[in-house]
file input.txt (compact mmCIF, C-alpha atoms)
# COMPACT_ATOMS: atom_id res chain seq x y z
CA PHE A 1 106.01 120.00 103.61
CA ASN A 2 104.05 119.05 100.52
CA PRO A 3 100.62 120.69 100.05
CA ASP A 4 99.59 117.87 97.68
CA PHE A 5 99.75 115.20 100.43
CA GLY A 6 97.18 114.71 103.17
CA TRP A 7 96.22 112.24 105.86
CA GLU A 8 94.13 109.23 104.94
CA THR A 9 90.63 109.32 106.45
CA ASN A 10 89.33 106.16 108.16
CA LYS A 11 85.94 105.56 109.74
CA LYS A 12 85.57 102.26 111.57
CA SER A 13 82.72 100.59 113.39
CA GLU A 14 82.25 97.12 114.81
CA VAL A 15 79.60 95.25 116.75
CA SER A 16 80.49 92.02 118.56
CA LEU A 17 78.85 89.43 120.75
CA GLU A 18 80.60 86.73 122.78
CA LEU A 19 78.74 83.99 124.62
CA GLY A 20 79.99 81.24 126.89
CA PHE A 21 78.05 78.18 128.06
CA TRP A 22 78.72 75.42 130.61
CA ASN A 23 81.68 77.19 132.25
CA ASP A 24 83.00 78.20 128.80
CA ARG A 25 83.23 74.62 127.56
CA LEU A 26 81.31 75.99 124.56
CA SER A 27 81.89 79.58 123.48
CA LEU A 28 80.53 81.45 120.50
CA ARG A 29 81.60 84.79 119.11
CA GLY A 30 80.45 86.88 116.22
CA SER A 31 81.24 90.33 114.96
CA TYR A 32 80.31 92.60 112.10
CA TYR A 33 82.69 95.33 110.97
CA ARG A 34 82.49 98.25 108.56
CA ASN A 35 85.56 100.29 107.61
CA ARG A 36 85.57 103.18 105.17
CA SER A 37 88.77 104.81 104.03
CA SER A 38 89.35 107.69 101.66
CA ASN A 39 92.15 109.97 100.56
CA GLN A 40 94.61 107.03 100.56
CA LEU A 41 98.26 107.83 99.93
CA VAL A 42 99.17 105.43 97.09
CA GLY A 43 101.54 105.02 94.18
CA ILE A 44 99.65 106.18 91.08
CA PRO A 45 100.96 104.41 87.95
CA LEU A 46 102.79 106.47 85.33
CA PRO A 47 103.52 105.65 81.69
CA GLY A 48 106.83 103.83 81.20
CA THR A 49 108.11 106.71 79.05
CA THR A 50 108.45 108.90 82.16
CA GLY A 51 111.20 106.70 83.54
CA PHE A 52 109.28 106.18 86.78
CA GLY A 53 106.78 103.47 87.67
CA SER A 54 104.55 105.64 89.83
CA ILE A 55 104.15 108.90 91.71
CA THR A 56 103.00 109.09 95.32
CA ALA A 57 99.76 111.03 95.73
CA ASN A 58 96.44 111.00 97.54
CA LEU A 59 93.72 109.06 95.75
CA GLY A 60 90.25 110.60 95.99
CA ALA A 61 88.52 107.21 96.07
CA THR A 62 86.44 105.90 98.96
CA VAL A 63 86.72 102.19 99.76
CA GLU A 64 84.45 100.23 102.10
CA ASN A 65 85.36 96.93 103.76
CA THR A 66 82.64 95.04 105.59
CA GLY A 67 82.38 91.54 106.91
CA TRP A 68 81.32 88.96 109.42
CA GLU A 69 83.69 87.04 111.67
CA LEU A 70 82.28 84.00 113.45
CA GLY A 71 83.92 81.61 115.87
CA LEU A 72 83.15 78.51 117.89
CA ASN A 73 85.41 77.06 120.60
CA THR A 74 84.73 73.81 122.42
CA VAL A 75 86.44 71.92 125.23
CA ASN A 76 85.80 68.36 124.10
CA ILE A 77 87.61 66.43 126.85
CA GLN A 78 89.16 67.73 130.07
CA LYS A 79 90.33 64.91 132.37
CA GLY A 80 93.42 65.20 134.53
CA ASP A 81 96.40 66.18 132.38
CA PHE A 82 94.49 65.52 129.15
CA LEU A 83 92.78 68.43 127.38
CA TRP A 84 91.27 68.39 123.89
CA THR A 85 89.92 71.62 122.44
CA THR A 86 88.51 72.51 119.03
CA ALA A 87 88.25 75.95 117.46
CA LEU A 88 86.37 76.78 114.29
CA ASN A 89 86.32 80.22 112.64
CA LEU A 90 84.70 81.68 109.55
CA THR A 91 85.19 85.08 107.93
CA ILE A 92 82.93 86.52 105.24
CA PRO A 93 84.68 89.64 103.91
CA ARG A 94 83.37 92.12 101.35
CA ASN A 95 84.89 95.24 99.90
CA ARG A 96 83.73 97.71 97.32
CA LEU A 97 84.67 100.96 95.71
CA VAL A 98 82.10 103.43 97.03
CA ALA A 99 83.21 106.53 95.12
CA PHE A 100 85.97 107.59 92.77
CA PRO A 101 85.65 111.08 91.30
CA ASP A 102 86.69 111.21 87.64
CA LEU A 103 87.39 107.46 87.51
CA GLU A 104 86.89 107.34 83.73
CA GLU A 105 89.70 109.88 83.20
CA SER A 106 92.12 108.20 85.63
CA THR A 107 94.74 105.51 85.10
CA TYR A 108 92.42 103.13 86.99
CA ALA A 109 89.54 103.38 84.46
CA ASN A 110 90.04 99.82 83.17
CA GLN A 111 90.80 98.28 86.59
CA LEU A 112 88.08 99.59 88.92
CA VAL A 113 84.29 99.95 88.86
CA VAL A 114 82.32 102.02 91.37
CA GLY A 115 80.10 99.67 93.39
CA SER A 116 82.29 96.61 92.71
CA PRO A 117 85.09 94.98 94.74
CA LEU A 118 88.64 96.25 94.26
CA ASN A 119 90.06 92.90 93.15
CA ILE A 120 88.16 92.31 89.91
CA THR A 121 88.73 91.40 86.32
CA LYS A 122 86.68 92.58 83.38
CA VAL A 123 85.77 89.82 80.94
CA TYR A 124 83.73 89.45 77.78
CA GLY A 125 80.00 88.76 78.15
CA LEU A 126 79.39 85.21 76.91
CA ASN A 127 76.23 84.85 74.78
CA GLY A 128 76.67 81.12 74.23
CA VAL A 129 77.82 78.88 71.39
CA ASP A 130 76.87 79.51 67.77
CA SER A 131 75.09 76.33 66.68
CA ASP A 132 76.27 76.76 63.07
CA THR A 133 79.99 77.28 63.72
CA GLY A 134 80.40 75.73 67.18
CA LEU A 135 82.30 78.86 68.30
CA PHE A 136 81.65 80.93 71.38
CA THR A 137 79.87 84.24 70.79
CA PHE A 138 80.32 87.32 72.95
CA GLU A 139 78.38 90.48 73.68
CA ASP A 140 79.34 93.51 71.57
CA PHE A 141 78.79 96.17 74.26
CA ASN A 142 79.76 99.18 72.14
CA GLY A 143 77.85 97.96 69.06
CA ASP A 144 80.69 98.45 66.56
CA GLY A 145 80.39 94.92 65.13
CA MET A 146 83.78 93.84 66.52
CA ILE A 147 84.81 92.29 69.81
CA SER A 148 87.61 94.51 71.11
CA ALA A 149 89.57 94.29 74.35
CA LEU A 150 88.86 97.55 76.19
CA GLU A 151 85.37 98.43 74.97
CA ASP A 152 83.74 94.99 75.11
CA ARG A 153 85.22 93.57 78.31
CA GLN A 154 82.50 94.95 80.57
CA VAL A 155 81.36 91.98 82.66
CA VAL A 156 82.86 92.34 86.15
CA LYS A 157 84.06 89.19 87.93
CA PRO A 158 85.27 89.45 91.55
CA LEU A 159 88.48 87.53 92.32
CA ASP A 160 88.44 87.58 96.13
CA PRO A 161 87.23 84.52 98.06
CA LYS A 162 83.61 84.64 99.24
CA PHE A 163 84.64 83.28 102.63
CA TYR A 164 87.52 81.61 104.43
CA GLY A 165 88.04 79.96 107.76
CA GLY A 166 89.91 77.45 109.79
CA LEU A 167 89.66 74.44 112.05
CA ASP A 168 92.08 73.84 114.90
CA ASN A 169 92.37 70.88 117.27
CA HIS A 170 94.67 70.80 120.29
call {"tool": "encode", "arguments": {"input": "input.txt", "output": "structure tokens"}}
result
Amino acid sequence: FNPDFGWETNKKSEVSLELGFWNDRLSLRGSYYRNRSSNQLVGIPLPGTTGFGSITANLGATVENTGWELGLNTVNIQKGDFLWTTALNLTIPRNRLVAFPDLEESTYANQLVVGSPLNITKVYGLNGVDSDTGLFTFEDFNGDGMISALEDRQVVKPLDPKFYGGLDNH
């Protein structure tokens, strides 16, 4: 028994529609899902000086995954022993960090942003090219006159694909 560990909380919902036409020679399906999870049991990173890479604990963050899944199946030819079918699918996933109490004081402060996807990178804000020097110029977010790694990398860029899918012929 460990009083510091608890069960992860998941709330899931999904709405789907499946349609078939011409004796299912053409079928369509679509679904929308929304999953929220919180209190995840994860490995929280520790400094290398501790001798351990991480400690297992519950993370107070809330993560939301939503998305659309679409599909189309067709029976192109069906004659005797010959059957040709095609299947096409498309998924449009999204995830975001809904809440993370005390994020700024956590070990994830430079990796996560509330309201943004989980798989992100923080980059410098590009202002353009200086016409005199021909060098790129970047936004100085903290206003200290220097471009520094942690304080000035504030532009969030998602790294996950916007969509994916597949095509199958049999």
call {"tool": "closest_residue", "arguments": {"input": "input.txt", "among": "A:Ala87, A:Thr62, A:Gly53, A:Lys79", "to": "A:Arg29", "atoms": "all atoms listed in the file"}}
result
A:Ala87
call {"tool": "residues_near_point", "arguments": {"input": "input.txt", "point": "(73.1, 90.0, 85.8)", "cutoff": "12 Å", "atoms": "all atoms listed in the file", "output": "MDAnalysis selection string"}}
result
chainID A and resid 125:126 154:157
call {"tool": "closest_residue", "arguments": {"input": "input.txt", "among": "A:Ala109, A:Leu97, A:Leu19, A:Leu103", "to": "A:Asn35", "atoms": "all atoms listed in the file"}}
result
A:Leu97
call {"tool": "atom_distance", "arguments": {"input": "input.txt", "atom1": "atom CA of A:Tyr33", "atom2": "atom CA of A:Val15"}}
result
6.6 Å
call {"tool": "atom_distance", "arguments": {"input": "input.txt", "atom1": "atom CA of A:Tyr124", "atom2": "atom CA of A:Gly143"}}
result
13.5 Å
call {"tool": "closest_residue", "arguments": {"input": "input.txt", "among": "A:Tyr32, A:Phe136, A:Phe82, A:Tyr108", "to": "A:Gly67", "atoms": "only C-alpha atoms"}}
result
A:Tyr32
call {"tool": "atom_distance", "arguments": {"input": "input.txt", "atom1": "atom CA of A:Asn89", "atom2": "atom CA of A:Glu69"}}
result
7.4 Å
call {"tool": "closest_residue", "arguments": {"input": "input.txt", "among": "A:Pro45, A:Gly20, A:Gly51, A:Gly128", "to": "A:Gly71", "atoms": "only C-alpha atoms"}}
result
A:Gly20
call {"tool": "closest_residue", "arguments": {"input": "input.txt", "among": "A:Leu150, A:Leu26, A:Leu159, A:Val129", "to": "A:Pro117", "atoms": "only C-alpha atoms"}}
result
A:Leu159
call {"tool": "residues_around", "arguments": {"input": "input.txt", "residues": "A:Ile55", "least_positions_apart": "5", "cutoff": "7 Å", "atoms": "all atoms listed in the file", "output": "number ranges by chain"}}
result
A: 43-46
call {"tool": "residues_around", "arguments": {"input": "input.txt", "residues": "A:Pro158", "least_positions_apart": "6", "cutoff": "9 Å", "atoms": "only C-alpha atoms", "output": "ChimeraX atom specification"}}
result
/A:116-122
call {"tool": "axis_aligned_box", "arguments": {"input": "input.txt", "around": "stretch 146-162 of chain A", "padding_each_side": "8 Å", "output": "lines of an AutoDock Vina configuration file"}}
result
center_x = 85.5
center_y = 91.5
center_z = 82.9
size_x = 24.2
size_y = 29.9
size_z = 48.7
call {"tool": "residues_around", "arguments": {"input": "input.txt", "residues": "A:Lys162", "least_positions_apart": "6", "cutoff": "9 Å", "atoms": "only C-alpha atoms", "output": "list in words"}}
result
Thr91, Ile92, Pro93 and Arg94 of chain A
call {"tool": "closest_residue", "arguments": {"input": "input.txt", "among": "A:Trp68, A:Phe163, A:Trp7, A:Trp22", "to": "A:Leu41", "atoms": "only C-alpha atoms"}}
result
A:Trp7
call {"tool": "residues_around", "arguments": {"input": "input.txt", "residues": "A:Asn73", "least_positions_apart": "3", "cutoff": "8 Å", "atoms": "all atoms listed in the file", "output": "PyMOL selection string"}}
result
chain A and resi 25-28+85-88
call {"tool": "residues_around", "arguments": {"input": "input.txt", "residues": "stretch 100-102 of chain A", "least_positions_apart": "4", "cutoff": "8 Å", "atoms": "all atoms listed in the file", "output": "ChimeraX atom specification"}}
result
/A:60-62,106,114
call {"tool": "build_atoms", "arguments": {"input": "input.txt", "residues": "stretch 136-158 of chain A", "atoms": "N, CA and C atoms", "output": "PDB file, in the frame of the given file"}}
result
ATOM      1  N   PHE A 136      82.255  80.078  70.367  1.00  0.00           N
ATOM      2  CA  PHE A 136      81.650  80.930  71.380  1.00  0.00           C
ATOM      3  C   PHE A 136      81.308  82.283  70.757  1.00  0.00           C
ATOM      4  N   THR A 137      80.217  82.882  71.211  1.00  0.00           N
ATOM      5  CA  THR A 137      79.870  84.240  70.790  1.00  0.00           C
ATOM      6  C   THR A 137      79.820  85.122  72.037  1.00  0.00           C
ATOM      7  N   PHE A 138      80.209  86.383  71.835  1.00  0.00           N
ATOM      8  CA  PHE A 138      80.320  87.320  72.950  1.00  0.00           C
ATOM      9  C   PHE A 138      79.506  88.575  72.678  1.00  0.00           C
ATOM     10  N   GLU A 139      79.161  89.250  73.755  1.00  0.00           N
ATOM     11  CA  GLU A 139      78.380  90.480  73.680  1.00  0.00           C
ATOM     12  C   GLU A 139      79.238  91.617  73.126  1.00  0.00           C
ATOM     13  N   ASP A 140      78.687  92.335  72.151  1.00  0.00           N
ATOM     14  CA  ASP A 140      79.340  93.510  71.570  1.00  0.00           C
ATOM     15  C   ASP A 140      78.767  94.736  72.278  1.00  0.00           C
ATOM     16  N   PHE A 141      79.351  95.117  73.417  1.00  0.00           N
ATOM     17  CA  PHE A 141      78.790  96.170  74.260  1.00  0.00           C
ATOM     18  C   PHE A 141      78.743  97.525  73.559  1.00  0.00           C
ATOM     19  N   ASN A 142      79.753  97.862  72.773  1.00  0.00           N
ATOM     20  CA  ASN A 142      79.760  99.180  72.140  1.00  0.00           C
ATOM     21  C   ASN A 142      79.069  99.194  70.770  1.00  0.00           C
ATOM     22  N   GLY A 143      78.626  98.028  70.285  1.00  0.00           N
ATOM     23  CA  GLY A 143      77.850  97.960  69.060  1.00  0.00           C
ATOM     24  C   GLY A 143      78.591  98.294  67.776  1.00  0.00           C
ATOM     25  N   ASP A 144      79.922  98.124  67.771  1.00  0.00           N
ATOM     26  CA  ASP A 144      80.690  98.450  66.560  1.00  0.00           C
ATOM     27  C   ASP A 144      80.870  97.255  65.631  1.00  0.00           C
ATOM     28  N   GLY A 145      80.291  96.110  65.969  1.00  0.00           N
ATOM     29  CA  GLY A 145      80.390  94.920  65.130  1.00  0.00           C
ATOM     30  C   GLY A 145      81.653  94.125  65.330  1.00  0.00           C
ATOM     31  N   MET A 146      82.527  94.550  66.237  1.00  0.00           N
ATOM     32  CA  MET A 146      83.780  93.840  66.520  1.00  0.00           C
ATOM     33  C   MET A 146      83.892  93.634  68.031  1.00  0.00           C
ATOM     34  N   ILE A 147      84.519  92.535  68.399  1.00  0.00           N
ATOM     35  CA  ILE A 147      84.810  92.290  69.810  1.00  0.00           C
ATOM     36  C   ILE A 147      86.219  92.810  70.065  1.00  0.00           C
ATOM     37  N   SER A 148      86.316  93.893  70.847  1.00  0.00           N
ATOM     38  CA  SER A 148      87.610  94.510  71.110  1.00  0.00           C
ATOM     39  C   SER A 148      87.876  94.522  72.617  1.00  0.00           C
ATOM     40  N   ALA A 149      89.145  94.508  72.965  1.00  0.00           N
ATOM     41  CA  ALA A 149      89.570  94.290  74.350  1.00  0.00           C
ATOM     42  C   ALA A 149      88.987  95.307  75.337  1.00  0.00           C
ATOM     43  N   LEU A 150      89.250  96.579  75.175  1.00  0.00           N
ATOM     44  CA  LEU A 150      88.860  97.550  76.190  1.00  0.00           C
ATOM     45  C   LEU A 150      87.369  97.849  76.197  1.00  0.00           C
ATOM     46  N   GLU A 151      86.770  97.996  75.034  1.00  0.00           N
ATOM     47  CA  GLU A 151      85.370  98.430  74.970  1.00  0.00           C
ATOM     48  C   GLU A 151      84.378  97.307  75.263  1.00  0.00           C
ATOM     49  N   ASP A 152      84.708  96.074  74.968  1.00  0.00           N
ATOM     50  CA  ASP A 152      83.740  94.990  75.110  1.00  0.00           C
ATOM     51  C   ASP A 152      83.965  94.101  76.329  1.00  0.00           C
ATOM     52  N   ARG A 153      85.038  94.301  77.054  1.00  0.00           N
ATOM     53  CA  ARG A 153      85.220  93.570  78.310  1.00  0.00           C
ATOM     54  C   ARG A 153      84.549  94.380  79.409  1.00  0.00           C
ATOM     55  N   GLN A 154      83.270  94.151  79.619  1.00  0.00           N
ATOM     56  CA  GLN A 154      82.500  94.950  80.570  1.00  0.00           C
ATOM     57  C   GLN A 154      81.865  94.131  81.681  1.00  0.00           C
ATOM     58  N   VAL A 155      81.924  92.818  81.604  1.00  0.00           N
ATOM     59  CA  VAL A 155      81.360  91.980  82.660  1.00  0.00           C
ATOM     60  C   VAL A 155      82.381  91.897  83.796  1.00  0.00           C
ATOM     61  N   VAL A 156      81.958  92.280  84.999  1.00  0.00           N
ATOM     62  CA  VAL A 156      82.860  92.340  86.150  1.00  0.00           C
ATOM     63  C   VAL A 156      82.794  91.032  86.930  1.00  0.00           C
ATOM     64  N   LYS A 157      83.960  90.425  87.150  1.00  0.00           N
ATOM     65  CA  LYS A 157      84.060  89.190  87.930  1.00  0.00           C
ATOM     66  C   LYS A 157      84.970  89.439  89.140  1.00  0.00           C
ATOM     67  N   PRO A 158      84.431  89.297  90.356  1.00  0.00           N
ATOM     68  CA  PRO A 158      85.270  89.450  91.550  1.00  0.00           C
ATOM     69  C   PRO A 158      86.244  88.275  91.686  1.00  0.00           C
TER      70      PRO A 158
END
